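Source file: entry_29.txt. Holds: compact mmCIF, C-alpha atoms and all ligand atoms.
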# COMPACT_ATOMS: atom_id res chain seq x y z
CA MET A 1 -8.68 12.48 19.60
CA SER A 2 -6.75 9.32 18.76
CA TYR A 3 -6.58 5.94 20.48
CA PHE A 4 -2.95 5.41 19.39
CA SER A 5 -1.07 3.69 22.20
CA HIS A 6 2.09 1.76 21.32
CA LEU A 7 4.06 -0.25 18.79
CA GLU A 8 4.35 -4.01 18.72
CA CYS A 9 6.30 -6.68 16.84
CA SER A 10 4.34 -7.99 13.84
CA VAL A 11 5.46 -11.61 14.31
CA PRO A 12 4.87 -11.23 17.37
CA CYS A 13 8.18 -12.44 18.79
CA GLY A 14 7.42 -11.70 22.44
CA ALA A 15 9.44 -8.48 22.63
CA GLU A 16 7.98 -5.78 24.88
CA ALA A 17 5.91 -2.94 23.45
CA TYR A 18 7.82 -0.08 21.82
CA ASP A 19 7.32 3.59 22.65
CA PRO A 20 6.03 5.62 19.69
CA ARG A 21 7.14 8.90 21.28
CA VAL A 22 10.66 8.14 20.11
CA GLU A 23 11.99 7.10 16.69
CA GLN A 24 11.37 3.39 16.03
CA HIS A 25 12.09 1.27 13.02
CA LEU A 26 12.23 -2.54 13.29
CA CYS A 27 11.73 -4.89 16.21
CA THR A 28 14.95 -6.22 17.77
CA CYS A 29 14.10 -9.53 16.03
CA GLY A 30 14.27 -7.73 12.66
CA ALA A 31 10.54 -7.83 11.88
CA PRO A 32 8.35 -4.81 11.11
CA LEU A 33 6.56 -3.03 13.96
CA LEU A 34 2.83 -2.36 13.94
CA ALA A 35 0.97 0.56 15.48
CA ARG A 36 -1.53 -0.47 18.15
CA TYR A 37 -4.53 1.38 19.51
CA ASP A 38 -6.77 1.07 22.52
CA LEU A 39 -9.46 -0.74 20.56
CA ASP A 40 -11.70 -1.38 23.57
CA ALA A 41 -11.97 2.34 24.17
CA ALA A 42 -12.34 2.90 20.40
CA ARG A 43 -15.62 0.95 20.47
CA SER A 44 -17.24 4.19 21.53
CA TRP A 45 -16.17 5.75 18.21
CA LYS A 46 -19.16 5.44 15.88
CA LYS A 47 -19.31 5.30 12.10
CA ASP A 48 -21.94 8.05 12.05
CA SER A 49 -19.31 10.51 13.16
CA LEU A 50 -17.61 10.19 9.75
CA ALA A 51 -20.34 12.08 7.90
CA GLY A 52 -19.12 15.51 6.89
CA ARG A 53 -15.48 14.93 7.78
CA GLU A 54 -12.53 16.01 5.65
CA SER A 55 -12.21 14.22 2.29
CA ASN A 56 -8.87 12.64 2.99
CA MET A 57 -7.57 9.62 4.86
CA TRP A 58 -7.25 11.54 8.11
CA ARG A 59 -11.02 11.31 8.49
CA TYR A 60 -10.15 8.13 10.43
CA ARG A 61 -7.85 10.00 12.78
CA GLU A 62 -9.07 8.15 15.88
CA LEU A 63 -7.23 5.10 14.56
CA MET A 64 -4.31 6.90 13.00
CA PRO A 65 -0.86 7.48 14.50
CA LEU A 66 -1.45 10.94 15.92
CA PHE A 67 -1.24 12.14 19.47
CA ASP A 68 -3.84 14.50 20.85
CA GLY A 69 -3.54 17.99 19.45
CA GLU A 70 -1.28 17.00 16.54
CA GLN A 71 -2.12 17.95 12.99
CA PRO A 72 -1.16 15.66 10.11
CA LEU A 73 0.83 16.70 7.04
CA THR A 74 -1.74 16.35 4.31
CA LEU A 75 -1.87 17.05 0.59
CA GLY A 76 -5.37 15.59 0.34
CA GLU A 77 -4.38 11.91 0.11
CA GLY A 78 -7.02 9.21 0.30
CA TRP A 79 -10.82 9.26 -0.02
CA THR A 80 -10.28 8.24 -3.64
CA PRO A 81 -13.24 7.29 -5.80
CA LEU A 82 -14.56 3.76 -6.03
CA PHE A 83 -15.79 3.58 -9.63
CA HIS A 84 -18.44 1.10 -10.68
CA ALA A 85 -16.69 -0.26 -13.78
CA ARG A 86 -19.82 -1.11 -15.72
CA ARG A 87 -18.36 -1.58 -19.18
CA VAL A 88 -15.43 -3.76 -18.20
CA GLY A 89 -17.69 -5.56 -15.71
CA GLU A 90 -20.18 -6.35 -18.45
CA SER A 91 -17.47 -7.71 -20.73
CA LEU A 92 -16.41 -10.01 -17.90
CA GLY A 93 -19.93 -11.02 -16.91
CA LEU A 94 -19.74 -9.20 -13.55
CA GLU A 95 -22.37 -6.78 -12.34
CA ARG A 96 -20.46 -5.58 -9.37
CA LEU A 97 -16.94 -4.76 -10.49
CA PHE A 98 -15.41 -1.70 -8.84
CA VAL A 99 -12.11 0.05 -9.39
CA LYS A 100 -10.61 1.84 -6.43
CA ASP A 101 -8.72 4.55 -8.26
CA GLU A 102 -5.60 5.39 -6.33
CA SER A 103 -4.13 7.29 -9.27
CA LEU A 104 -6.07 10.31 -8.00
CA ASN A 105 -3.86 10.68 -4.95
CA PRO A 106 -1.24 13.43 -4.66
CA THR A 107 1.81 12.38 -6.74
CA ASN A 108 -0.47 9.95 -8.63
CA SER A 109 -0.24 6.83 -6.54
CA PHE A 110 -1.40 5.29 -3.28
CA LYS A 111 2.13 5.76 -1.95
CA ALA A 112 0.90 9.18 -0.84
CA ARG A 113 -1.15 7.58 1.92
CA GLY A 114 1.77 5.78 3.49
CA LEU A 115 4.16 8.68 3.19
CA SER A 116 1.68 11.22 4.55
CA ALA A 117 1.52 9.13 7.72
CA ALA A 118 5.24 8.32 7.87
CA VAL A 119 6.46 11.85 7.20
CA THR A 120 3.95 13.26 9.67
CA ARG A 121 5.42 11.11 12.44
CA ALA A 122 9.00 11.72 11.34
CA ALA A 123 8.41 15.47 11.40
CA ARG A 124 6.85 15.33 14.87
CA LEU A 125 9.85 13.32 16.07
CA GLY A 126 12.15 16.06 14.82
CA ALA A 127 13.73 14.22 11.86
CA ARG A 128 16.00 16.46 9.78
CA VAL A 129 16.83 14.18 6.85
CA LEU A 130 14.60 11.44 5.46
CA SER A 131 15.90 8.68 3.21
CA ILE A 132 14.08 6.18 1.06
CA PRO A 133 14.96 3.49 -1.45
CA SER A 134 12.26 3.39 -4.08
CA ALA A 135 11.24 2.00 -7.44
CA GLY A 136 9.72 5.41 -8.18
CA ASN A 137 6.34 6.24 -6.71
CA ALA A 138 7.34 6.03 -3.05
CA ALA A 139 10.19 8.45 -3.70
CA ASN A 140 7.85 10.94 -5.35
CA ALA A 141 5.43 10.80 -2.45
CA MET A 142 8.15 11.04 0.17
CA ALA A 143 9.74 14.00 -1.61
CA ALA A 144 6.42 15.87 -1.73
CA TYR A 145 5.61 15.43 1.97
CA ALA A 146 9.19 16.19 2.97
CA ALA A 147 8.99 19.42 0.96
CA MET A 148 5.79 20.33 2.74
CA ALA A 149 7.40 19.61 6.11
CA GLY A 150 10.59 21.48 5.26
CA ILE A 151 12.70 18.34 5.77
CA GLU A 152 15.57 17.28 3.53
CA ALA A 153 14.76 14.27 1.30
CA ARG A 154 17.31 11.74 0.04
CA VAL A 155 16.03 9.23 -2.47
CA PHE A 156 17.79 6.17 -3.86
CA MET A 157 16.40 4.60 -7.01
CA PRO A 158 17.60 2.02 -9.53
CA ARG A 159 19.52 3.63 -12.39
CA ASP A 160 17.01 2.40 -14.98
CA VAL A 161 13.98 3.98 -13.29
CA LYS A 162 11.73 5.91 -15.68
CA ILE A 163 12.62 9.59 -16.16
CA PRO A 164 9.34 11.07 -14.82
CA PHE A 165 10.02 9.54 -11.40
CA ILE A 166 13.43 11.22 -11.27
CA ARG A 167 12.18 14.62 -12.45
CA GLU A 168 9.27 14.66 -10.05
CA CYS A 169 11.60 13.99 -7.10
CA GLU A 170 13.75 16.89 -8.26
CA LEU A 171 10.68 19.08 -8.63
CA TYR A 172 10.02 18.61 -4.92
CA GLY A 173 13.60 19.49 -4.14
CA ALA A 174 14.79 16.00 -3.21
CA ASN A 175 18.36 14.84 -3.57
CA VAL A 176 18.31 11.91 -6.02
CA GLU A 177 20.91 9.17 -6.17
CA LEU A 178 20.69 6.52 -8.88
CA VAL A 179 22.22 3.16 -8.02
CA GLU A 180 23.17 0.02 -9.93
CA GLY A 181 20.71 -2.80 -9.42
CA LEU A 182 17.22 -3.02 -7.96
CA ILE A 183 15.30 -1.51 -5.05
CA THR A 184 16.93 -4.01 -2.69
CA ASP A 185 20.36 -2.65 -3.71
CA ALA A 186 19.09 0.91 -3.33
CA GLY A 187 17.91 -0.03 0.16
CA ARG A 188 21.30 -1.38 1.13
CA ILE A 189 23.12 1.73 -0.08
CA ALA A 190 20.62 4.10 1.54
CA ALA A 191 20.98 2.27 4.86
CA GLU A 192 24.78 2.28 4.72
CA LYS A 193 24.94 6.01 4.00
CA GLY A 194 22.18 6.91 6.40
CA ARG A 195 23.47 4.96 9.38
CA ALA A 196 26.58 7.09 9.67
CA ARG A 197 24.67 10.33 9.12
CA GLY A 198 21.63 9.72 11.29
CA TRP A 199 19.08 9.82 8.48
CA TYR A 200 15.53 8.73 9.28
CA ASP A 201 14.79 5.70 7.09
CA VAL A 202 11.27 5.53 5.67
CA SER A 203 11.79 2.30 3.67
CA THR A 204 8.77 0.06 3.23
CA LEU A 205 7.93 -1.57 6.56
CA LYS A 206 11.17 -0.37 8.15
CA GLU A 207 9.13 2.21 9.97
CA PRO A 208 5.65 1.47 11.33
CA TYR A 209 3.52 4.23 9.85
CA ARG A 210 3.30 3.71 6.10
CA ILE A 211 1.08 0.71 6.86
CA GLU A 212 -1.22 2.99 8.85
CA GLY A 213 -1.70 5.24 5.84
CA LYS A 214 -2.38 2.32 3.55
CA LYS A 215 -4.83 0.64 5.88
CA THR A 216 -7.24 3.52 5.30
CA MET A 217 -8.02 2.00 1.89
CA ALA A 218 -10.00 -0.72 3.69
CA TYR A 219 -11.86 1.78 5.88
CA GLU A 220 -12.79 3.68 2.74
CA LEU A 221 -14.06 0.53 1.03
CA GLY A 222 -16.29 -0.04 4.04
CA GLU A 223 -17.68 3.46 3.90
CA GLN A 224 -18.05 3.52 0.12
CA LEU A 225 -19.82 0.14 -0.03
CA GLU A 226 -22.04 0.95 2.94
CA TRP A 227 -20.15 -1.49 5.14
CA ARG A 228 -20.81 -4.48 2.91
CA PHE A 229 -17.34 -5.58 2.09
CA PRO A 230 -16.49 -7.05 -1.32
CA ASP A 231 -15.99 -10.77 -1.90
CA TRP A 232 -12.63 -10.12 -3.53
CA ILE A 233 -9.89 -7.52 -3.25
CA ILE A 234 -7.40 -7.75 -6.09
CA TYR A 235 -4.24 -5.94 -5.32
CA PRO A 236 -0.85 -5.55 -7.05
CA THR A 237 1.87 -6.42 -4.56
CA GLY A 238 5.45 -5.20 -4.34
CA GLY A 239 6.61 -4.51 -0.80
CA GLY A 240 3.20 -5.52 0.48
CA THR A 241 2.21 -2.57 2.66
CA GLY A 242 -1.18 -2.30 0.99
CA MET A 243 -2.09 -5.93 1.65
CA VAL A 244 -0.73 -5.88 5.19
CA GLY A 245 -2.39 -2.55 5.96
CA MET A 246 -5.83 -3.59 4.72
CA TRP A 247 -5.65 -6.89 6.58
CA LYS A 248 -4.78 -5.00 9.77
CA ALA A 249 -7.72 -2.67 9.14
CA PHE A 250 -10.09 -5.64 9.03
CA ASP A 251 -8.82 -6.74 12.45
CA GLU A 252 -9.41 -3.26 13.81
CA MET A 253 -12.82 -2.82 12.22
CA GLU A 254 -13.95 -6.13 13.69
CA GLN A 255 -12.70 -5.21 17.13
CA ILE A 256 -14.41 -1.84 17.21
CA GLY A 257 -17.65 -3.28 15.85
CA TRP A 258 -17.57 -1.66 12.40
CA LYS A 259 -17.48 -4.97 10.64
CA PRO A 260 -19.10 -8.20 11.75
CA ALA A 261 -16.57 -10.94 12.48
CA GLY A 262 -16.71 -13.66 9.85
CA PRO A 263 -15.73 -13.90 6.24
CA ARG A 264 -13.49 -11.12 5.03
CA PRO A 265 -12.77 -10.31 1.41
CA LYS A 266 -10.53 -12.85 -0.27
CA MET A 267 -7.23 -11.09 -0.83
CA VAL A 268 -5.48 -11.66 -4.15
CA SER A 269 -1.86 -10.67 -4.36
CA VAL A 270 -0.83 -9.87 -7.94
CA GLN A 271 2.79 -9.84 -9.08
CA ALA A 272 4.73 -9.75 -12.34
CA GLU A 273 5.72 -12.92 -14.14
CA HIS A 274 9.43 -12.11 -13.87
CA CYS A 275 9.30 -10.88 -10.28
CA ALA A 276 6.90 -13.06 -8.34
CA PRO A 277 8.48 -14.03 -5.02
CA ILE A 278 5.18 -13.97 -3.12
CA VAL A 279 3.41 -16.04 -5.76
CA ARG A 280 6.17 -18.65 -5.69
CA ALA A 281 6.14 -18.82 -1.88
CA PHE A 282 2.34 -19.11 -1.90
CA GLU A 283 2.46 -21.97 -4.38
CA ASN A 284 5.19 -23.73 -2.42
CA GLY A 285 3.35 -23.39 0.88
CA ALA A 286 6.28 -21.40 2.28
CA GLU A 287 5.96 -18.91 5.11
CA ARG A 288 8.50 -16.55 3.59
CA SER A 289 9.66 -15.75 0.07
CA GLU A 290 13.08 -16.20 -1.50
CA LEU A 291 15.00 -13.42 -3.21
CA TRP A 292 13.92 -13.41 -6.87
CA GLN A 293 16.86 -13.44 -9.27
CA TYR A 294 16.95 -11.17 -12.34
CA ALA A 295 13.71 -9.40 -11.44
CA ARG A 296 12.29 -7.44 -14.33
CA THR A 297 8.91 -5.92 -15.24
CA VAL A 298 7.54 -2.68 -16.67
CA ALA A 299 5.53 -2.29 -13.46
CA ASP A 300 8.16 -0.52 -11.37
CA GLY A 301 6.08 -0.83 -8.20
CA LEU A 302 6.14 -4.61 -8.53
CA ARG A 303 9.89 -4.90 -9.04
CA VAL A 304 10.60 -5.93 -5.46
CA PRO A 305 12.61 -9.17 -5.45
CA LYS A 306 12.27 -9.73 -1.70
CA ALA A 307 9.98 -7.98 0.77
CA ILE A 308 10.73 -7.70 4.46
CA GLY A 309 7.05 -8.18 5.27
CA ASP A 310 6.55 -11.14 2.89
CA PHE A 311 5.32 -13.37 5.74
CA LEU A 312 2.61 -10.84 6.61
CA VAL A 313 1.38 -10.70 3.00
CA LEU A 314 1.35 -14.49 2.77
CA ARG A 315 -0.54 -14.71 6.06
CA ALA A 316 -3.22 -12.29 4.84
CA VAL A 317 -3.63 -14.09 1.53
CA ARG A 318 -3.93 -17.51 3.17
CA GLU A 319 -6.15 -16.49 6.08
CA SER A 320 -8.51 -14.77 3.65
CA GLY A 321 -8.85 -17.80 1.38
CA GLY A 322 -7.40 -15.75 -1.44
CA THR A 323 -4.56 -16.50 -3.79
CA ALA A 324 -1.45 -15.08 -5.46
CA LEU A 325 -1.11 -14.74 -9.22
CA ALA A 326 1.61 -13.66 -11.64
CA VAL A 327 0.83 -11.64 -14.78
CA SER A 328 3.03 -11.05 -17.83
CA ASP A 329 4.05 -7.52 -18.80
CA GLU A 330 2.18 -7.90 -22.08
CA ASP A 331 -1.06 -8.80 -20.31
CA MET A 332 -0.77 -5.99 -17.77
CA VAL A 333 -0.22 -3.39 -20.48
CA HIS A 334 -3.15 -4.82 -22.43
CA ASP A 335 -5.43 -4.37 -19.43
CA MET A 336 -4.00 -0.96 -18.68
CA ARG A 337 -5.34 -0.04 -22.15
CA VAL A 338 -8.67 -1.69 -21.37
CA LEU A 339 -9.12 0.42 -18.22
CA GLY A 340 -8.26 3.48 -20.27
CA SER A 341 -10.34 2.82 -23.37
CA GLN A 342 -13.40 1.33 -21.66
CA GLU A 343 -13.60 3.20 -18.38
CA GLY A 344 -11.61 6.40 -18.87
CA ILE A 345 -9.30 5.39 -16.04
CA SER A 346 -5.62 6.29 -16.18
CA ALA A 347 -4.03 3.08 -14.95
CA ALA A 348 -0.45 2.17 -14.18
CA PRO A 349 0.68 -1.26 -15.40
CA GLU A 350 0.16 -2.38 -11.80
CA GLY A 351 -3.55 -1.59 -12.13
CA GLY A 352 -3.63 -3.44 -15.44
CA ALA A 353 -2.03 -6.41 -13.70
CA ALA A 354 -4.83 -6.47 -11.12
CA LEU A 355 -7.49 -6.46 -13.83
CA HIS A 356 -5.71 -9.24 -15.66
CA ALA A 357 -5.58 -11.32 -12.48
CA LEU A 358 -9.36 -10.95 -12.28
CA ARG A 359 -9.66 -12.40 -15.79
CA MET A 360 -7.58 -15.38 -14.66
CA LEU A 361 -9.82 -15.94 -11.63
CA ILE A 362 -12.96 -15.81 -13.78
CA ARG A 363 -11.45 -18.20 -16.30
CA ASP A 364 -10.64 -20.64 -13.49
CA GLY A 365 -14.20 -20.42 -12.18
CA ARG A 366 -13.11 -18.93 -8.87
CA VAL A 367 -14.86 -15.58 -9.21
CA GLN A 368 -18.62 -15.96 -9.73
CA SER A 369 -20.80 -13.57 -11.72
CA THR A 370 -22.65 -12.50 -8.57
CA ASP A 371 -19.47 -11.65 -6.64
CA THR A 372 -18.53 -8.11 -5.70
CA VAL A 373 -14.97 -7.45 -6.81
CA VAL A 374 -12.70 -4.51 -6.09
CA VAL A 375 -9.68 -4.10 -8.36
CA PHE A 376 -7.08 -1.64 -7.17
CA ASN A 377 -5.56 0.78 -9.64
CA THR A 378 -2.61 1.80 -7.50
CA GLY A 379 -1.19 4.48 -9.76
CA GLY A 380 -1.75 6.54 -12.90
CA ALA A 381 -0.49 5.96 -16.45
CA LEU A 382 1.35 9.23 -16.98
CA LYS A 383 4.70 8.21 -15.53
CA TYR A 384 4.66 5.00 -17.55
CA LEU A 385 3.85 6.35 -21.00
CA ASP A 386 6.91 4.61 -22.47
CA VAL A 387 5.17 1.25 -22.10
CA LEU A 388 2.36 2.47 -24.36
CA GLY A 389 4.65 3.54 -27.19
C1 LIG A 401 4.55 0.56 -4.76
C2 LIG A 401 3.52 0.23 -5.75
C3 LIG A 401 2.85 -0.99 -5.70
C4 LIG A 401 3.15 -2.05 -4.67
O1 LIG A 401 2.66 -1.66 -3.43
P1 LIG A 401 2.93 -2.34 -2.05
O2 LIG A 401 1.84 -1.94 -1.16
O3 LIG A 401 4.27 -1.87 -1.60
O4 LIG A 401 2.94 -3.81 -2.28
C5 LIG A 401 1.82 -1.20 -6.60
N1 LIG A 401 1.50 -0.28 -7.54
C6 LIG A 401 2.14 0.90 -7.63
C7 LIG A 401 1.74 1.85 -8.70
C8 LIG A 401 3.17 1.20 -6.74
O5 LIG A 401 3.80 2.37 -6.82

Rewrite the coordinates I just gave you, this time as structure tokens.
Amino acid sequence: MSYFSHLECSVPCGAEAYDPRVEQHLCTCGAPLLARYDLDAARSWKKDSLAGRESNMWRYRELMPLFDGEQPLTLGEGWTPLFHARRVGESLGLERLFVKDESLNPTNSFKARGLSAAVTRAARLGARVLSIPSAGNAANAMAAYAAMAGIEARVFMPRDVKIPFIRECELYGANVELVEGLITDAGRIAAEKGRARGWYDVSTLKEPYRIEGKKTMAYELGEQLEWRFPDWIIYPTGGGTGMVGMWKAFDEMEQIGWKPAGPRPKMVSVQAEHCAPIVRAFENGAERSELWQYARTVADGLRVPKAIGDFLVLRAVRESGGTALAVSDEDMVHDMRVLGSQEGISAAPEGGAALHALRMLIRDGRVQSTDTVVVFNTGGALKYLDVLG
């Protein structure tokens, strides 16, 4: 049984609730919509009931966007390991450094969580064609779940995306279109084509359910750390669904009594030196980011020059007492190698970026040796082997 009830503007702008039994994308004000649950009723859902459940993110189905009797489309996403990174921790003077290894998801990145949820809802709503602009990993995940659902997938990626991302989409039978420019340009073209043809758009935050998949990362951290949340969550940020989703999960967990109200983990948003719109907005005290010109980085997932949910990411970072940091490509690749050679973890440059941000926080005296730190490795190294050459 699920407590899923309605959709609501994320601002909130005052618009009425939206009905999740029909296709919904953005609020009339243009902001993302968030899934809402009957959290008072959900207080009767107890943590003990999780023992023995399926080893995927749908173990939290009471607070997932499902209606009674519905089955999710799952390839086993979520419930990823939380490794105690002893060797790297020791080299940094930290006893409690953990790596949440999202590379072990289907299609090798945490994008699987969001797309499992989004494609599940799209399929239940009868969508026939799904479209997505992507820097790579989101397209792979969408293509896989669409294949499973028997729905046509249309992906739009920048022309210079790495070859493995293109081939993997094709492997799942998706139709791939390469476009000039960045993910923002891909988004514009996908929307233009899709509008006329009635495609269901699963772009980041332009439908409400990818956040719901990503929020499960915070529920898992609670379970894996025996409900003692870390002092720091260090997270590479592109479109921001991971940050926004985890912050939403903390709200929910407090309201249903799974987490005491009070200090939450400090959220650190990590971006690339040459594509750091959130970092710049954070430093300038701005509520929203500005489009970043000439965005470039080897971390494809971070090459997002402007995110539609930027204000939600900035809110989470500020309310948590966290920060936003930019990392050079050289430093992220260095720390990708450190995760590999010292922990046996296959990390994407995005994961390397998160580890490097931790070094910066230690150097600045912000992270203490007694702190519990979770670094997110959001994807695996295999699709990025060119950066190691
Ligand atoms: C998409 C992606 C990111 C950025 O994730 P958001 O939640 O959209 O900010 C980080 N790392 C990898 C590997 C990605 O594919």

Item to check | Protein and nucleic acid residues within 8 Å of ligand LIG 401 (chain A) (all atoms listed in the file) as an NGL selection string | outcome: :A and (109-111 or 135-138 or 204 or 214 or 235-244 or 299-302 or 348-351 or 377-380)

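For the atom pair formed by atom CA of Asn105 of chain A and atom CA of Leu73 of chain A, the distance is 14.2 Å, given to one decimal.
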
Checklist entry - Skipping near chain neighbours, those fewer than 5 positions away, what residues fall within 8 Å of Asp19 of chain A using only C-alpha atoms, listed as a VMD selection string? => result chain A and resid 6 to 7 24

Checklist entry - With all atoms listed in the file as the atoms that count, which of A:Ala149, A:Val99, A:Ile278, A:Cys169 lies nearest to Gly309 of chain A? => result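 Comparing A:Ala149, A:Val99, A:Ile278, A:Cys169 against Gly309 of chain A, the winner is A:Ile278.
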
Item to check | Counting all atoms listed in the file, the residue of A:Ala249, A:Val313, A:Val155, A:Ala85 that sits nearest Tyr60 of chain A | outcome: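 When distances to Tyr60 of chain A are compared using all atoms listed in the file, the smallest one comes from A:Ala249.
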
Checklist entry - Which neighbours of Arg86 of chain A fall inside 9 Å, counting all atoms listed in the file, when residues of the same chain fewer than 6 positions from it are skipped, and could you give them as a PyMOL selection string? => result chain A and resi 94-98+343

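For the pair atom CA of Ile183 of chain A and atom CA of Ala118 of chain A, the interatomic distance is 19.1 Å.
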
Next on the checklist: Under the rule that all atoms listed in the file are counted, which of A:Trp247, A:Tyr219, A:Phe282, A:Phe83 is the nearest residue to Leu50 of chain A?
Outcome noted: A:Tyr219

Item to check | Atom pair atom CA of Tyr145 of chain A / atom CA of Glu168 of chain A: separation (Å) | outcome: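 A separation of 12.6 Å between them.
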
Checklist entry - Smallest atom-to-atom distance to Thr107 of chain A: which of A:Ile233, A:Ile151, A:Val317, A:Met142, using only C-alpha atoms? => result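 Using only C-alpha atoms, the shortest distance to Thr107 of chain A belongs to A:Met142.
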
Item to check | Ref. answer, residues at most 12 Å from (8.9, 19.0, -8.9) with only C-alpha atoms, as a ChimeraX atom specification | outcome: /A:107,139-141,143-145,147,164-175

Next on the checklist: Using all atoms listed in the file, can you tell me which of A:Val119, A:Ala316, A:Val22, A:Leu291 comes closest to Lys248 of chain A?
Outcome noted: A:Ala316
